[in-house]
Amino acid sequence: MSLLRPSNRRIPKVDGDVIGEFDPDAGEVVLFAEDAEASGATELQPNPAAEAHLNMQSGWLEEYRSKGLLCLGGQSSSGWLREGLLEGVQSELGIMLASGMLSDLHTQLASVRSDRVVYLQLQPEADGESEGAGGDLLDAVACPPCCLEVVRLLEGLAHVLDRHLDLGLRRPQRCMAACYESGAFYTAHRDNEHDSTTGQWKNSRLMTAIFYVNAPSWPAESGVQDDAASHRTSSVQPVDVFPAGGRVVLFDSRRLLHEVLPTSEKRLALSIWFVSAPSES
């Protein structure tokens with residue numbers, strides 16, 4: 001099943017509250033007032049290793065300011081990570097894949113995207129509020145330690161950009177792991193869109209951060225992020241990004257059009273959307 005489409009078009013939570021409604025014209029679920037990412041979002045925390053890595057790059061601040069896009073690392077790009085971290089994340093996601101925790105129950109049509117995902121909770125739930133995978137649209141499972149360490153690095157990178165550009169970023173309670181099997185795709189989209197009808201943004205996302213969990217040397221014959229790999233972005237000119245393991249991409253969630261193109265290799269990634277304060281979303 002590739003589309004979450006309840007017969008009554010209402011999307012319930014475990015406790016029975018309604019959080020959204022399926023829009024047949026848009027082919028997706030429209031969430032109501034609750035924003036699962038913005039709810040409980042916290043202030044960004046610095047990360048010395050992430051800041052040191054960013055400061056080793058040249059022109060990174062102007063790159064993000066002008067294009068809304070920053071790519072860190074190339075082929076064999078995992079050298080900035082502590083030894084064994086990439087392999088640890090690969091192992092954790094491999095276990096989740098093998099146990100069937102990643103689901104294709106998207107809010108979008110199968111013609112829009114064909115990946116499988118699982119949401120990872122970044123902080124412990126209160127007693128009695130633990131959630132399971134696969135039942136509810138907003139379900140999440142506990143984030144395993146290596147994945148959490150990567151999220152802290154991404155948070156540290158976002159913290160530096162926020163400090164320089166005053167973006168007003170906050171860290172959500174959840175991130176997402178995704179698997180694109182050979183041939184899987186996600187059509188061109190933005191992670192946050194302006195609703196011309198209401199004059200408001202559709203969600204609270206301000207910055208998208210992606211960490212690729214593949215082999216550090218992505219084989220060129222498997223395709224690029226645009227023609228056959230992970231994400232194609234649209235800034236001034238299209239940018240092709242190879243999803244080499246350890247590579248990080250950060251971009252403006254409201255500004256950048258991007259897509260995931262089919263390749264001959266399976267791709268894994270961790271994504272997190274840094275959000276605005278509730279009054280700004």
# chains A, B, ... in the order shown; residues from 1 in each chain; ligands from 1
call {"tool": "select_by_dssp", "arguments": {"residues": "range 180-281 of chain A", "states": "strand (DSSP E)", "output": "PyMOL selection string"}}
result
chain A and resi 180+186-189+194-195+200-201+205-212+231-234+238-241+248-252+257-260+267-275
call {"tool": "write_last_selection", "arguments": {"atoms": "N, CA and C atoms", "output": "compact mmCIF listing (two decimals), in the first residue's frame"}}
result
# COMPACT_ATOMS: atom_id res chain seq x y z
N TYR A 180 15.61 4.39 -0.42
CA TYR A 180 15.22 4.37 -1.82
C TYR A 180 15.83 3.14 -2.46
N TYR A 186 11.48 10.45 -5.89
CA TYR A 186 10.60 11.43 -5.27
C TYR A 186 10.57 12.62 -6.22
N THR A 187 9.42 12.94 -6.76
CA THR A 187 9.33 13.99 -7.77
C THR A 187 9.65 15.36 -7.17
N ALA A 188 9.90 16.34 -8.05
CA ALA A 188 10.34 17.67 -7.63
C ALA A 188 9.33 18.30 -6.67
N HIS A 189 9.86 18.86 -5.58
CA HIS A 189 8.99 19.45 -4.56
C HIS A 189 9.81 20.38 -3.68
N HIS A 194 4.35 28.04 0.21
CA HIS A 194 3.50 29.14 0.63
C HIS A 194 2.11 28.93 0.05
N ASP A 195 1.12 28.98 0.92
CA ASP A 195 -0.27 28.77 0.51
C ASP A 195 -0.86 30.12 0.08
N GLN A 200 -0.23 31.83 4.23
CA GLN A 200 0.66 31.28 5.24
C GLN A 200 1.48 30.14 4.66
N TRP A 201 2.58 29.83 5.37
CA TRP A 201 3.37 28.66 5.00
C TRP A 201 2.65 27.41 5.46
N ARG A 205 8.79 24.22 8.57
CA ARG A 205 10.16 23.89 8.15
C ARG A 205 10.88 25.10 7.56
N LEU A 206 12.10 25.34 8.04
CA LEU A 206 12.94 26.41 7.53
C LEU A 206 14.21 25.89 6.85
N MET A 207 14.82 24.87 7.41
CA MET A 207 16.05 24.32 6.85
C MET A 207 15.99 22.80 6.86
N THR A 208 16.33 22.21 5.72
CA THR A 208 16.40 20.76 5.58
C THR A 208 17.86 20.33 5.66
N ALA A 209 18.14 19.30 6.44
CA ALA A 209 19.49 18.74 6.53
C ALA A 209 19.42 17.25 6.24
N ILE A 210 20.28 16.78 5.35
CA ILE A 210 20.30 15.38 4.94
C ILE A 210 21.70 14.82 5.12
N PHE A 211 21.77 13.63 5.69
CA PHE A 211 23.02 12.89 5.86
C PHE A 211 22.88 11.58 5.10
N TYR A 212 23.78 11.32 4.15
CA TYR A 212 23.70 10.11 3.34
C TYR A 212 24.39 8.95 4.04
N HIS A 231 19.31 13.66 -4.62
CA HIS A 231 18.50 14.87 -4.68
C HIS A 231 18.99 15.76 -5.82
N ARG A 232 18.04 16.26 -6.61
CA ARG A 232 18.38 17.31 -7.56
C ARG A 232 17.79 18.58 -6.98
N THR A 233 18.60 19.60 -6.85
CA THR A 233 18.12 20.85 -6.28
C THR A 233 18.02 21.89 -7.37
N SER A 234 17.19 22.89 -7.13
CA SER A 234 17.04 23.98 -8.09
C SER A 234 17.29 25.29 -7.38
N PRO A 238 20.41 24.06 -11.72
CA PRO A 238 20.29 22.75 -11.07
C PRO A 238 21.65 22.24 -10.59
N VAL A 239 21.66 21.61 -9.44
CA VAL A 239 22.89 21.05 -8.85
C VAL A 239 22.67 19.56 -8.65
N ASP A 240 23.55 18.75 -9.21
CA ASP A 240 23.48 17.31 -9.02
C ASP A 240 24.32 16.92 -7.80
N VAL A 241 23.74 16.12 -6.93
CA VAL A 241 24.42 15.71 -5.70
C VAL A 241 24.50 14.19 -5.65
N VAL A 248 26.85 15.63 3.61
CA VAL A 248 25.75 16.39 4.21
C VAL A 248 25.29 17.45 3.24
N VAL A 249 23.98 17.60 3.12
CA VAL A 249 23.38 18.67 2.33
C VAL A 249 22.43 19.43 3.24
N LEU A 250 22.57 20.75 3.26
CA LEU A 250 21.65 21.62 3.99
C LEU A 250 21.07 22.61 3.00
N PHE A 251 19.75 22.83 3.07
CA PHE A 251 19.16 23.80 2.14
C PHE A 251 17.91 24.43 2.74
N ASP A 252 17.53 25.55 2.13
CA ASP A 252 16.37 26.32 2.55
C ASP A 252 15.11 25.55 2.18
N LEU A 257 13.67 23.91 -4.74
CA LEU A 257 12.98 22.80 -5.39
C LEU A 257 14.00 21.68 -5.57
N HIS A 258 13.63 20.47 -5.18
CA HIS A 258 14.58 19.36 -5.27
C HIS A 258 13.83 18.07 -5.56
N GLU A 259 14.55 17.08 -6.07
CA GLU A 259 13.95 15.80 -6.40
C GLU A 259 14.95 14.68 -6.18
N VAL A 260 14.41 13.50 -6.03
CA VAL A 260 15.22 12.29 -5.90
C VAL A 260 14.98 11.46 -7.15
N ARG A 267 19.65 3.48 -1.78
CA ARG A 267 20.18 4.64 -1.06
C ARG A 267 19.49 4.80 0.28
N LEU A 268 20.27 5.16 1.29
CA LEU A 268 19.75 5.41 2.63
C LEU A 268 20.14 6.82 3.05
N ALA A 269 19.26 7.47 3.80
CA ALA A 269 19.55 8.83 4.26
C ALA A 269 18.81 9.12 5.54
N LEU A 270 19.41 10.01 6.35
CA LEU A 270 18.74 10.59 7.51
C LEU A 270 18.41 12.04 7.16
N SER A 271 17.19 12.46 7.46
CA SER A 271 16.78 13.84 7.20
C SER A 271 16.18 14.44 8.46
N ILE A 272 16.43 15.74 8.64
CA ILE A 272 15.80 16.46 9.73
C ILE A 272 15.44 17.84 9.21
N TRP A 273 14.28 18.34 9.63
CA TRP A 273 13.82 19.65 9.22
C TRP A 273 13.84 20.58 10.43
N PHE A 274 14.77 21.54 10.41
CA PHE A 274 14.82 22.53 11.47
C PHE A 274 13.70 23.53 11.24
N VAL A 275 13.01 23.88 12.31
CA VAL A 275 11.73 24.60 12.19
C VAL A 275 11.80 25.98 12.82
call {"tool": "atom_distance", "arguments": {"atom1": "CA of Arg255 in chain A", "atom2": "CA of Gly68 in chain A"}}
result
7.0 Å
call {"tool": "atom_distance", "arguments": {"atom1": "CA of Thr107 in chain A", "atom2": "CA of Gln123 in chain A"}}
result
24.5 Å
call {"tool": "closest_residue", "arguments": {"among": "A:Arg190, A:Thr42, A:Ala49, A:Ala178", "to": "Met96 in chain A", "atoms": "only C-alpha atoms"}}
result
A:Ala178
call {"tool": "select_by_dssp", "arguments": {"residues": "range 142-193 of chain A", "states": "helix (DSSP H, G or I)", "output": "ChimeraX atom specification"}}
result
/A:145-165
call {"tool": "atom_distance", "arguments": {"atom1": "CA of Asp162 in chain A", "atom2": "CA of Arg174 in chain A"}}
result
19.3 Å
